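Enquirer: File follows, structure.csv with CSV, C-alpha atoms:
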```
chain,number,residue,atom,x,y,z
Q,1,MET,CA,6.8,-18.7,-16.7
Q,2,ASN,CA,4.4,-17.1,-19.3
Q,3,GLY,CA,1.7,-19.6,-20.4
Q,4,THR,CA,3.0,-22.4,-18.1
Q,5,THR,CA,0.5,-22.2,-15.2
Q,6,THR,CA,-3.1,-23.3,-15.2
Q,7,HIS,CA,-4.1,-22.5,-11.6
Q,8,LEU,CA,-5.9,-19.3,-10.6
Q,9,ALA,CA,-4.5,-17.2,-7.8
Q,10,PHE,CA,-5.9,-14.3,-5.9
Q,11,GLY,CA,-4.7,-12.3,-2.9
Q,12,ALA,CA,-5.9,-9.3,-0.9
Q,13,PRO,CA,-5.4,-7.5,2.5
Q,14,ALA,CA,-7.1,-9.4,5.4
Q,15,ARG,CA,-9.2,-6.3,6.3
Q,16,TYR,CA,-9.9,-3.0,4.6
Q,17,ILE,CA,-11.6,-0.2,6.4
Q,18,GLN,CA,-12.5,3.1,4.8
Q,19,GLY,CA,-14.5,6.2,5.8
Q,20,PRO,CA,-14.2,9.5,7.7
Q,21,GLY,CA,-13.0,9.1,11.3
Q,22,THR,CA,-11.8,5.5,10.9
Q,23,LEU,CA,-8.4,6.5,12.4
Q,24,ALA,CA,-10.1,6.2,15.8
Q,25,GLN,CA,-10.2,2.5,15.2
Q,26,LEU,CA,-6.4,2.1,15.2
Q,27,LEU,CA,-5.9,1.6,18.9
Q,28,PRO,CA,-8.9,-0.8,19.3
Q,29,LEU,CA,-7.5,-2.8,16.4
Q,30,LEU,CA,-4.1,-3.0,18.0
Q,31,ASP,CA,-5.8,-4.4,21.1
Q,32,GLU,CA,-7.7,-6.9,18.9
Q,33,PHE,CA,-4.3,-8.1,17.6
Q,34,ARG,CA,-3.1,-8.2,21.3
Q,35,SER,CA,-0.3,-5.7,20.4
Q,36,THR,CA,1.3,-4.1,23.5
Q,37,ARG,CA,4.2,-2.4,21.7
Q,38,ALA,CA,3.5,-1.2,18.1
Q,39,LEU,CA,6.1,0.7,16.1
Q,40,VAL,CA,4.7,3.4,13.7
Q,41,VAL,CA,6.8,4.4,10.7
Q,42,ALA,CA,6.1,7.9,9.7
Q,43,ASP,CA,7.7,11.3,9.1
Q,44,ASP,CA,7.3,14.1,11.6
Q,45,PHE,CA,4.5,15.8,9.6
Q,46,VAL,CA,2.5,12.6,9.5
Q,47,ARG,CA,3.1,11.9,13.2
Q,48,LYS,CA,1.7,15.3,14.1
Q,49,LEU,CA,-1.2,14.9,11.7
Q,50,LEU,CA,-2.3,11.6,13.2
Q,51,CYS,CA,-1.7,12.6,16.8
Q,52,ASP,CA,-3.7,15.8,16.3
Q,53,ALA,CA,-6.6,13.6,15.1
Q,54,VAL,CA,-6.2,11.0,17.8
Q,55,PRO,CA,-4.0,12.3,20.7
Q,56,GLU,CA,-3.8,8.8,22.3
Q,57,LEU,CA,-1.6,7.7,19.4
Q,58,GLN,CA,1.3,9.8,20.9
Q,59,GLY,CA,1.9,7.0,23.3
Q,60,LEU,CA,2.9,4.6,20.6
Q,61,ARG,CA,6.6,4.1,19.6
Q,62,TRP,CA,7.5,6.1,16.5
Q,63,HIS,CA,10.3,5.7,13.9
Q,64,VAL,CA,11.0,8.9,12.0
Q,65,PHE,CA,11.0,8.0,8.3
Q,66,ALA,CA,14.1,9.4,6.6
Q,67,GLY,CA,12.3,10.3,3.3
Q,68,GLU,CA,13.4,7.6,0.9
Q,69,CYS,CA,12.6,3.9,1.0
Q,70,THR,CA,16.2,2.5,0.6
Q,71,ALA,CA,17.6,-0.8,1.9
Q,72,THR,CA,19.4,1.3,4.6
Q,73,GLU,CA,16.2,2.9,5.7
Q,74,VAL,CA,14.5,-0.5,5.9
Q,75,ASP,CA,17.3,-1.8,8.1
Q,76,ARG,CA,16.9,1.3,10.4
Q,77,VAL,CA,13.2,0.4,10.8
Q,78,VAL,CA,14.1,-3.2,11.7
Q,79,GLN,CA,16.6,-2.0,14.3
Q,80,SER,CA,14.0,0.5,15.8
Q,81,PHE,CA,11.5,-2.4,16.0
Q,82,ARG,CA,14.0,-4.7,17.8
Q,83,ASP,CA,15.3,-1.9,20.1
Q,84,GLY,CA,11.8,-1.2,21.3
Q,85,ALA,CA,10.9,-4.9,21.7
Q,86,CYS,CA,7.9,-4.2,19.4
Q,87,ASP,CA,5.3,-6.8,18.3
Q,88,LEU,CA,3.5,-5.1,15.4
Q,89,ILE,CA,4.5,-2.5,12.8
Q,90,VAL,CA,2.3,0.4,11.4
Q,91,GLY,CA,3.3,2.1,8.1
Q,92,ALA,CA,1.7,5.6,8.0
Q,93,GLY,CA,1.9,8.4,5.4
Q,94,GLY,CA,2.7,8.1,1.7
Q,95,GLY,CA,3.8,5.2,-0.4
Q,96,LYS,CA,7.5,5.3,0.5
Q,97,SER,CA,7.1,5.3,4.3
Q,98,ILE,CA,4.5,2.5,3.8
Q,99,ASP,CA,6.9,0.5,1.7
Q,100,ALA,CA,9.7,1.0,4.4
Q,101,ALA,CA,7.3,-0.5,6.9
Q,102,LYS,CA,6.5,-3.4,4.6
Q,103,GLY,CA,10.2,-3.9,3.8
Q,104,ALA,CA,10.9,-4.2,7.6
Q,105,GLN,CA,8.0,-6.6,8.0
Q,106,ILE,CA,9.6,-9.0,5.5
Q,107,ALA,CA,12.6,-9.2,7.8
Q,108,LEU,CA,10.6,-9.4,11.0
Q,109,GLY,CA,7.5,-11.5,10.1
Q,110,CYS,CA,5.3,-9.5,12.4
Q,111,PRO,CA,1.7,-8.2,11.8
Q,112,VAL,CA,1.5,-5.0,9.7
Q,113,PHE,CA,-1.1,-2.3,9.6
Q,114,ILE,CA,-1.1,0.4,6.9
Q,115,VAL,CA,-2.5,3.9,7.5
Q,116,PRO,CA,-2.2,6.1,4.3
Q,117,THR,CA,-2.5,9.8,4.7
Q,118,VAL,CA,-2.3,10.5,0.9
Q,119,ALA,CA,-3.9,8.6,-1.9
Q,120,SER,CA,-1.0,9.0,-4.4
Q,121,THR,CA,-0.6,5.2,-5.1
Q,122,ASP,CA,-2.2,1.9,-4.4
Q,123,ALA,CA,0.7,0.8,-2.2
Q,124,PRO,CA,-1.5,0.5,1.0
Q,125,THR,CA,-3.2,-2.7,0.0
Q,126,SER,CA,-0.3,-4.5,-1.7
Q,127,ARG,CA,2.3,-6.9,-0.3
Q,128,VAL,CA,5.2,-5.5,-2.4
Q,129,ALA,CA,7.7,-2.9,-1.2
Q,130,VAL,CA,9.6,-0.8,-3.8
Q,131,LEU,CA,13.1,0.2,-2.8
Q,132,TYR,CA,15.2,3.0,-4.3
Q,133,THR,CA,18.8,4.0,-4.2
Q,134,ASP,CA,20.0,7.1,-2.4
Q,135,ASP,CA,19.8,9.0,-5.6
Q,136,HIS,CA,16.1,8.1,-6.1
Q,137,ARG,CA,16.5,5.4,-8.8
Q,138,LEU,CA,14.4,2.2,-8.5
Q,139,ALA,CA,16.6,-0.5,-7.0
Q,140,GLU,CA,14.5,-3.6,-6.3
Q,141,VAL,CA,11.0,-4.9,-5.4
Q,142,ARG,CA,10.5,-7.1,-2.3
Q,143,ALA,CA,7.4,-8.9,-1.3
Q,144,MET,CA,5.8,-9.8,2.0
Q,145,ARG,CA,4.5,-13.4,2.5
Q,146,ALA,CA,0.9,-12.0,2.6
Q,147,ASN,CA,-0.9,-8.7,2.1
Q,148,PRO,CA,-1.3,-6.3,5.1
Q,149,ASP,CA,-3.3,-7.4,8.1
Q,150,VAL,CA,-5.3,-4.2,8.2
Q,151,VAL,CA,-5.5,-1.2,5.8
Q,152,LEU,CA,-7.1,1.8,7.6
Q,153,VAL,CA,-8.2,4.6,5.3
Q,154,ASP,CA,-9.5,7.7,7.0
Q,155,THR,CA,-11.1,9.8,4.3
Q,156,ALA,CA,-11.4,12.8,6.5
Q,157,VAL,CA,-7.6,12.8,6.7
Q,158,LEU,CA,-6.9,12.0,3.0
Q,159,VAL,CA,-9.2,14.7,1.7
Q,160,GLN,CA,-7.0,17.3,3.3
Q,161,ALA,CA,-3.9,16.2,1.3
Q,162,PRO,CA,-2.7,18.3,-1.6
Q,163,ARG,CA,-4.6,17.9,-4.9
Q,164,ARG,CA,-1.5,16.7,-6.7
Q,165,PHE,CA,-1.2,13.6,-4.5
Q,166,PHE,CA,-4.8,12.7,-5.2
Q,167,VAL,CA,-4.3,13.2,-8.9
Q,168,SER,CA,-1.2,11.0,-8.8
Q,169,GLY,CA,-3.4,8.2,-7.4
Q,170,LEU,CA,-5.7,8.6,-10.3
Q,171,GLY,CA,-2.8,8.1,-12.7
Q,172,ASP,CA,-1.6,5.0,-10.9
Q,173,ALA,CA,-5.1,3.5,-11.0
Q,174,LEU,CA,-6.0,4.5,-14.6
Q,175,SER,CA,-3.6,2.0,-16.1
Q,176,LYS,CA,-4.7,-1.2,-14.4
Q,177,LYS,CA,-7.4,-2.3,-16.8
Q,178,PHE,CA,-5.1,-1.9,-19.8
Q,179,GLU,CA,-2.0,-3.4,-18.2
Q,180,MET,CA,-4.0,-6.4,-17.0
Q,181,GLY,CA,-5.4,-6.8,-20.6
Q,182,GLN,CA,-1.9,-7.0,-22.0
Q,183,CYS,CA,-0.6,-9.3,-19.3
Q,184,VAL,CA,-3.5,-11.7,-19.8
Q,185,GLY,CA,-3.2,-11.5,-23.6
Q,186,ALA,CA,0.5,-12.3,-23.4
Q,187,GLY,CA,-0.1,-15.3,-21.1
Q,188,GLY,CA,1.6,-13.6,-18.2
Q,189,ILE,CA,1.1,-14.5,-14.5
Q,190,ASN,CA,0.1,-12.3,-11.7
Q,191,PHE,CA,2.0,-11.4,-8.5
Q,192,TYR,CA,0.8,-14.6,-6.8
Q,193,LYS,CA,2.3,-16.7,-9.7
Q,194,GLY,CA,-1.1,-17.7,-11.0
Q,195,ARG,CA,-3.5,-16.8,-13.7
Q,196,GLN,CA,-6.2,-14.1,-13.5
Q,197,GLY,CA,-9.7,-15.0,-12.6
Q,198,GLN,CA,-13.1,-13.5,-13.4
Q,199,LEU,CA,-13.1,-11.4,-10.2
Q,200,THR,CA,-9.9,-9.7,-11.2
Q,201,THR,CA,-11.2,-8.7,-14.6
Q,202,LEU,CA,-14.3,-7.2,-13.0
Q,203,ILE,CA,-12.2,-5.3,-10.5
Q,204,GLY,CA,-10.1,-3.8,-13.3
Q,205,GLU,CA,-13.3,-2.7,-15.2
Q,206,ALA,CA,-14.8,-1.3,-12.0
Q,207,CYS,CA,-11.7,0.7,-11.2
Q,208,PHE,CA,-11.6,2.3,-14.7
Q,209,SER,CA,-15.3,3.1,-14.9
Q,210,THR,CA,-15.4,4.6,-11.4
Q,211,LEU,CA,-12.6,7.0,-12.4
Q,212,MET,CA,-14.4,8.0,-15.6
Q,213,ALA,CA,-17.7,8.6,-13.8
Q,214,ASP,CA,-16.7,10.2,-10.5
Q,215,THR,CA,-13.4,12.0,-10.8
Q,216,ALA,CA,-14.9,15.5,-11.5
Q,217,ASP,CA,-17.1,15.3,-8.4
Q,218,ALA,CA,-14.3,13.8,-6.3
Q,219,LEU,CA,-12.0,16.7,-7.3
Q,220,ALA,CA,-14.6,19.1,-6.1
Q,221,ALA,CA,-14.4,17.3,-2.7
Q,222,VAL,CA,-10.7,17.7,-2.7
Q,223,GLU,CA,-11.0,21.4,-3.4
Q,224,ALA,CA,-13.6,21.8,-0.6
Q,225,LYS,CA,-11.5,19.6,1.8
Q,226,ALA,CA,-14.7,17.6,2.6
Q,227,PRO,CA,-15.3,14.0,1.5
Q,228,ASN,CA,-18.4,13.3,-0.6
Q,229,ALA,CA,-19.9,10.1,-2.1
Q,230,ALA,CA,-17.8,10.5,-5.3
Q,231,PHE,CA,-14.6,11.0,-3.3
Q,232,GLU,CA,-15.3,7.8,-1.3
Q,233,ARG,CA,-15.9,5.8,-4.5
Q,234,VAL,CA,-12.8,7.2,-6.3
Q,235,LEU,CA,-10.6,6.6,-3.2
Q,236,GLU,CA,-11.9,3.0,-3.0
Q,237,ALA,CA,-10.9,2.7,-6.7
Q,238,THR,CA,-7.4,4.3,-6.4
Q,239,ILE,CA,-6.4,2.4,-3.2
Q,240,LEU,CA,-8.4,-0.9,-3.0
Q,241,LEU,CA,-9.5,-1.7,-6.5
Q,242,SER,CA,-6.3,-0.5,-8.1
Q,243,GLY,CA,-4.2,-2.5,-5.7
Q,244,LEU,CA,-6.2,-5.7,-6.2
Q,245,ALA,CA,-6.1,-5.2,-9.9
Q,246,PHE,CA,-2.3,-4.9,-10.2
Q,247,GLU,CA,-1.4,-7.7,-7.9
Q,248,ASN,CA,-4.0,-10.1,-9.2
Q,249,GLY,CA,-4.0,-8.9,-12.9
Q,250,GLY,CA,-0.4,-8.2,-13.6
Q,251,LEU,CA,1.5,-5.2,-15.0
Q,252,SER,CA,2.8,-4.2,-18.5
Q,253,VAL,CA,4.4,-1.3,-20.3
Q,254,ALA,CA,2.9,1.6,-18.2
Q,255,HIS,CA,4.5,0.5,-15.0
Q,256,SER,CA,7.6,-0.8,-16.8
Q,257,LEU,CA,8.5,2.7,-17.9
Q,258,THR,CA,8.9,3.9,-14.3
Q,259,ARG,CA,12.2,2.0,-14.3
Q,260,GLY,CA,13.5,4.1,-17.2
Q,261,LEU,CA,11.9,7.3,-16.0
Q,262,SER,CA,13.8,7.0,-12.7
Q,263,ALA,CA,17.1,7.3,-14.7
Q,264,ILE,CA,16.3,10.8,-15.9
Q,265,PRO,CA,17.3,13.5,-13.3
Q,266,ALA,CA,14.9,16.0,-14.7
Q,267,ILE,CA,12.0,13.7,-13.8
Q,268,HIS,CA,13.0,13.0,-10.2
Q,269,GLY,CA,10.4,15.5,-8.9
Q,270,SER,CA,7.5,13.6,-10.5
Q,271,LEU,CA,5.2,11.3,-8.5
Q,272,HIS,CA,4.8,7.6,-9.2
Q,273,GLY,CA,1.2,7.9,-10.5
Q,274,GLU,CA,2.2,10.8,-12.8
Q,275,GLU,CA,4.8,8.5,-14.4
Q,276,VAL,CA,2.4,5.6,-14.7
Q,277,ALA,CA,-0.2,7.9,-16.4
Q,278,PHE,CA,2.4,8.9,-18.9
Q,279,GLY,CA,3.4,5.3,-19.4
Q,280,LEU,CA,-0.2,4.3,-20.1
Q,281,LEU,CA,-0.2,6.7,-23.1
Q,282,VAL,CA,3.0,5.1,-24.4
Q,283,GLN,CA,1.5,1.6,-24.0
Q,284,LEU,CA,-1.6,2.6,-25.9
Q,285,LEU,CA,0.4,4.1,-28.7
Q,286,LEU,CA,2.4,0.8,-28.9
Q,287,GLU,CA,-0.8,-1.3,-29.2
Q,288,ARG,CA,-1.2,-1.5,-32.9
Q,289,ASP,CA,-4.9,-2.2,-32.6
Q,290,VAL,CA,-5.6,0.6,-30.2
Q,291,GLN,CA,-8.8,2.5,-30.9
Q,292,GLN,CA,-8.4,6.2,-31.3
Q,293,ALA,CA,-11.6,6.5,-29.4
Q,294,MET,CA,-9.8,5.5,-26.2
Q,295,LEU,CA,-7.1,8.2,-26.6
Q,296,ASP,CA,-9.9,10.6,-27.4
Q,297,GLN,CA,-11.5,9.7,-24.1
Q,298,LEU,CA,-8.3,9.7,-22.0
Q,299,LEU,CA,-6.6,12.9,-23.2
Q,300,PRO,CA,-9.5,15.2,-22.0
Q,301,TYR,CA,-9.3,13.3,-18.7
Q,302,TYR,CA,-5.6,14.1,-18.5
Q,303,ARG,CA,-6.3,17.8,-19.2
Q,304,MET,CA,-9.1,17.9,-16.6
Q,305,THR,CA,-6.9,16.3,-13.8
Q,306,GLY,CA,-3.5,17.7,-14.8
Q,307,LEU,CA,-1.9,14.3,-15.4
Q,308,PRO,CA,1.2,14.6,-17.6
Q,309,ALA,CA,0.7,13.5,-21.3
Q,310,SER,CA,4.3,14.2,-22.5
Q,311,LEU,CA,7.9,14.1,-21.4
Q,312,GLN,CA,7.9,17.9,-21.3
Q,313,ALA,CA,5.0,17.8,-18.8
Q,314,LEU,CA,7.3,15.5,-16.6
Q,315,GLY,CA,10.0,18.1,-16.7
Q,316,VAL,CA,12.3,17.1,-19.6
Q,317,PRO,CA,13.4,20.2,-21.6
Q,318,GLN,CA,12.5,20.3,-25.3
Q,319,ASP,CA,16.1,20.1,-26.5
Q,320,GLY,CA,16.7,16.9,-24.4
Q,321,LEU,CA,13.6,14.9,-25.5
Q,322,ALA,CA,15.3,12.5,-28.0
Q,323,GLU,CA,18.2,11.7,-25.7
Q,324,ALA,CA,15.9,11.2,-22.7
Q,325,ALA,CA,13.5,9.0,-24.6
Q,326,LEU,CA,16.3,6.7,-25.8
Q,327,LYS,CA,17.7,6.5,-22.2
Q,328,ILE,CA,14.3,5.7,-20.7
Q,329,ALA,CA,13.7,3.0,-23.4
Q,330,GLU,CA,17.1,1.4,-22.9
Q,331,VAL,CA,16.9,1.2,-19.1
Q,332,THR,CA,13.3,-0.1,-19.3
Q,333,VAL,CA,14.1,-2.8,-21.8
Q,334,ALA,CA,17.2,-3.8,-19.8
Q,335,THR,CA,15.6,-3.9,-16.3
Q,336,SER,CA,11.8,-4.2,-16.3
Q,337,PRO,CA,10.4,-7.8,-15.8
Q,338,HIS,CA,6.9,-6.6,-16.8
Q,339,LEU,CA,7.8,-5.5,-20.3
Q,340,LYS,CA,7.3,-9.1,-21.5
Q,341,HIS,CA,3.6,-8.8,-20.6
Q,342,PHE,CA,2.8,-7.4,-24.0
Q,343,SER,CA,1.5,-8.7,-27.3
Q,344,ARG,CA,5.0,-8.6,-28.9
Q,345,THR,CA,8.6,-8.2,-27.9
Q,346,LEU,CA,9.5,-4.6,-27.6
Q,347,VAL,CA,12.9,-3.2,-28.4
Q,348,ALA,CA,14.4,0.1,-27.3
Q,349,GLY,CA,14.1,1.9,-30.6
Q,350,GLU,CA,10.3,1.2,-30.9
Q,351,LEU,CA,9.8,2.1,-27.3
Q,352,ALA,CA,11.7,5.4,-27.6
Q,353,GLU,CA,9.6,6.4,-30.7
Q,354,ALA,CA,6.4,5.8,-28.8
Q,355,ILE,CA,7.7,7.9,-25.9
Q,356,LEU,CA,8.3,10.8,-28.3
Q,357,ALA,CA,5.0,10.2,-30.0
Q,358,THR,CA,3.1,11.2,-26.9
Q,359,SER,CA,3.9,14.8,-27.7
Q,360,ARG,CA,2.0,14.3,-31.0
Q,361,ALA,CA,-1.0,12.3,-29.6
```
Can the structure in the file be given as structure tokens, please?

Expert:
Amino acid sequence: MNGTTTHLAFGAPARYIQGPGTLAQLLPLLDEFRSTRALVVADDFVRKLLCDAVPELQGLRWHVFAGECTATEVDRVVQSFRDGACDLIVGAGGGKSIDAAKGAQIALGCPVFIVPTVASTDAPTSRVAVLYTDDHRLAEVRAMRANPDVVLVDTAVLVQAPRRFFVSGLGDALSKKFEMGQCVGAGGINFYKGRQGQLTTLIGEACFSTLMADTADALAAVEAKAPNAAFERVLEATILLSGLAFENGGLSVAHSLTRGLSAIPAIHGSLHGEEVAFGLLVQLLLERDVQQAMLDQLLPYYRMTGLPASLQALGVPQDGLAEAALKIAEVTVATSPHLKHFSRTLVAGELAEAILATSRA
């Protein structure tokens, strides 16, 4: 459908609420939606975390998330919802438990609230659910009819999460301006099957500039376990702006590579945002007109945050780099629908060379 649509399309969550202590609004919001039997999808750790913060949440119905967002787990959530005669679903925790709730919503058609407890991806605001196989390989992407009804971001909770999760969110958000640029340049459409408007471009620019300006001070807040103004701005960028940018702007090479990376067992311990950050460097190296100044700006950022800038940093041993790079490239070319959002057609050999070139960037 590249280049065949002339209409503009934009989507977003119905309501986004962010700040310290906002978790206390969950029960009043359920009342506002006239929900009498909500199902919360979360693991045991997240359940304790939320109920310690707001003890009244213990009275809700809970589904214990199994740890991986598979088709089987989505079916389990659907059955829990039906067994409890529930009327609304809440996805709480990290990206995979959130996606399990969204996957169930697709089958159920009920209202859905999202309550992230880590800022490792921009999954909270989007309408897509990414499903994996039991061995942690990306299987499929499903989409809700609309974005979440409510996204509730309690920054007093999120600032307590491990630093690595916060940094992963930076990596996921960092690519959006650049992937959007390639998608638009290639005539690609966004996730709403329309073209990108002025607002989307501004969101992508604001997301990137916020990360560049505020990350150092936000990391200080993470270390102190206390939100500051920079942390609030960066969290808005990594959850809200990043989510709006990818759905309304489109994706390209950086996210495409996560398909291939999931085929390498040595990389299975990495987080989504870490993989996307690596993929961004590969995308920039593939852009023949890339300005060295951009890499010169980004590589110190990677060192400051700890984002991976090579396959070795993702866990691939030195003697397996060439084999892994070719496998990643072949799987990506064969399976990723977003790889066509680039200025030219990419083949596995060229992609593998760019993957290996990150070690020399």

Enquirer: Excluding same-chain residues fewer than 4 positions from region 309-315 of chain Q, what lies within 8 Å of it counting all atoms listed in the file, as a list in words?

Expert: Ala266, Ile267, Ser270, Glu274, Glu275, Ala277, Phe278, Leu281, Leu299, Tyr302, Leu321, Ile355, Leu356, Thr358 and Ser359 of chain Q

Enquirer: In the coordinate frame of the file, compute which residues have an atom within 10 Å of (13.6, 4.0, 15.5) when using only C-alpha atoms, and state them as a list of chain:residue names.

Expert: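 Residues lying no farther than 10 Å from the given point: Q:Leu39, Q:Val40, Q:Val41, Q:Arg61, Q:Trp62, Q:His63, Q:Val64, Q:Phe65, Q:Arg76, Q:Val77, Q:Val78, Q:Gln79, Q:Ser80, Q:Phe81, Q:Arg82, Q:Asp83, Q:Gly84.
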
Enquirer: Quick one: residues within 8 Å of Val234 (chain Q), only C-alpha atoms counted, chain neighbours fewer than 6 positions away excluded, as JSON, numbers by chain?

Expert: {"Q": [210, 211, 214, 215, 218]}

Enquirer: Out of Q:Arg34, Q:Leu8, Q:Gly59, Q:Ala216, which residue has the shortest atom-to-atom distance to Tyr301 (chain Q) when counting only C-alpha atoms?

Expert: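 Going through Q:Arg34, Q:Leu8, Q:Gly59, Q:Ala216 one by one, the smallest distance to Tyr301 (chain Q) is for Q:Ala216.
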
Enquirer: Please identify all polymer residues within 12 Å of Leu235 (chain Q), counting all atoms listed in the file, omitting same-chain residues fewer than 6 positions from it, and present them as JSON, numbers by chain.

Expert: {"Q": [17, 18, 19, 20, 116, 117, 118, 119, 120, 121, 122, 124, 153, 154, 155, 156, 158, 159, 165, 166, 167, 168, 169, 170, 172, 173, 207, 210, 211, 214, 215, 218, 219, 221, 222, 227, 228, 229, 241, 242, 243]}

Enquirer: Please return as JSON, numbers by chain every residue within 8 Å of (13.6, 1.2, -15.3), taking into account all atoms listed in the file and the file's own coordinates.

Expert: {"Q": [138, 256, 257, 258, 259, 260, 261, 262, 263, 328, 331, 332, 333, 334, 335, 336]}

Enquirer: Can you tell me how far CA of Asp149 (chain Q) sits from CA of Ala237 (chain Q), in Å to one decimal?

Expert: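 It comes out at 19.5 Å.
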
Enquirer: Just the number, please: distance in Å from CA of Glu205 (chain Q) to CA of Lys177 (chain Q), one decimal.

Expert: 6.1 Å

Enquirer: Could you check which of Q:Met180, Q:Val151, Q:Ala348, Q:Leu295 is closest to Ala12 (chain Q), using only C-alpha atoms?

Expert: Q:Val151

Enquirer: Q:Ala123, Q:Leu202, Q:Ile264, Q:Ala42: which is nearest Arg137 (chain Q), counting all atoms listed in the file?

Expert: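 Looking at the shortest contact to Arg137 (chain Q), the residue is Q:Ile264.
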
Enquirer: Just give me the gap between CA of Glu32 (chain Q) and CA of Cys86 (chain Q) in Å, one decimal is fine.

Expert: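 Spanning CA of Glu32 (chain Q) to CA of Cys86 (chain Q) is a straight-line distance of 15.8 Å.
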
Enquirer: When you look at Gln58 (chain Q) with a cut-off of 12 Å (counting only C-alpha atoms), what residues show up, excluding the ones that are within fewer than 5 positions of it in the same chain? I need them as a PyMOL selection string.

Expert: chain Q and resi 27+38-40+44+46-53

Enquirer: Taking a cut-off of 12 Å and counting all atoms listed in the file, can you build a table that, for each residue of region 320-348 of chain Q near region 283-288 of chain Q, reports the nearest atom pair and how far apart they are in Å (one decimal), sorted by chain then residue number, as a Markdown table?

Expert:
```
| residue | atom | partner | partner_atom | distance |
| --- | --- | --- | --- | --- |
| Q:Leu339 | CA | Q:Gln283 | CA | 10.2 |
| Q:His341 | CA | Q:Gln283 | CA | 11.1 |
| Q:Phe342 | CA | Q:Glu287 | CA | 8.8 |
| Q:Ser343 | CA | Q:Glu287 | CA | 8.0 |
| Q:Arg344 | CA | Q:Glu287 | CA | 9.3 |
| Q:Thr345 | CA | Q:Leu286 | CA | 11.0 |
| Q:Leu346 | CA | Q:Leu286 | CA | 9.0 |
| Q:Val347 | CA | Q:Leu286 | CA | 11.2 |
```

Enquirer: The selected residues should be written to file as a compact mmCIF listing (two decimals), keeping the file's coordinate frame (atoms: C-alpha atoms).

Expert:
```txt
# COMPACT_ATOMS: atom_id res chain seq x y z
CA LEU Q 339 7.80 -5.50 -20.30
CA HIS Q 341 3.60 -8.80 -20.60
CA PHE Q 342 2.80 -7.40 -24.00
CA SER Q 343 1.50 -8.70 -27.30
CA ARG Q 344 5.00 -8.60 -28.90
CA THR Q 345 8.60 -8.20 -27.90
CA LEU Q 346 9.50 -4.60 -27.60
CA VAL Q 347 12.90 -3.20 -28.40
```

Enquirer: Point out the residue among Q:Gly249, Q:Leu108, Q:Glu232, Q:Ala101 with the least atom-to-atom distance to Gly187 (chain Q), counting only C-alpha atoms.

Expert: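 With only C-alpha atoms as the atom set, the closest residue is Q:Gly249.
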
Enquirer: If we count only C-alpha atoms and set the cut-off at 8 Å, which residues sit around Val112 (chain Q), ignoring sequence neighbours fewer than 6 positions away in its own chain? Please answer as a list in words.

Expert: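 Listing them by chain and then by number gives Leu88, Ile89, Val90, Gly91, Ala101, Lys102, Gln105, Pro148, Asp149 and Val150 of chain Q.
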
Enquirer: Taking all atoms listed in the file into account, name the residue in Q:Val54, Q:Met144, Q:Ala9, Q:Ile98 that is nearest to Gly250 (chain Q).

Expert: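 Selected residue with least distance to Gly250 (chain Q): Q:Ala9.
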